[in-house]
Amino acid sequence: HRRFGGIREHKPMTSTPRYIRPRHAAERIGVSTSTLAQWRCRGEGPPFAKLSATVVVYDADALDKWVSQRVASSTAEAARLPVGGAHAA
C-alpha cells in the first residue's frame, strides 16, 4: 500500500493464489461453502486437498477446469452432465 495525500493506493492482485480455501472456492464457482462440504463428504464436486484435520484447500486451476467440464449449450445437454457435483472423468 502506498499513500498519496491521505488516500491509500491498493496494488491490484496480479494473480489468484494457486490454492484457495473453501470460502473463496465457493465464491469462485457460485455455490455455498456448505454445498462444497456436502460434496466433499459424498466424494463429489471439485477435487480438493485436506492438509490437516481442519484445513481444506482447492487448486484454483483445477476448480476452473472442473467448472468448464460442466458447460452446456442447452438444457438437454445439461441433463446429461454429472448430477450433484459428481467428479467428471
# chains A, B, ... in the order shown; residues from 1 in each chain; ligands from 1
$ select_by_dssp --residues "region 30-82 of chain A" --states "strand (DSSP E or B)" --output "PyMOL selection string"
chain A and resi 49-50+56-59
$ residues_around --residues "His24 (chain A)" --least-positions-apart "4" --cutoff "10 Å" --atoms "only C-alpha atoms" --output "JSON, numbers by chain"
{"A": [19, 20, 28, 29, 30, 32, 33, 57, 58, 60]}
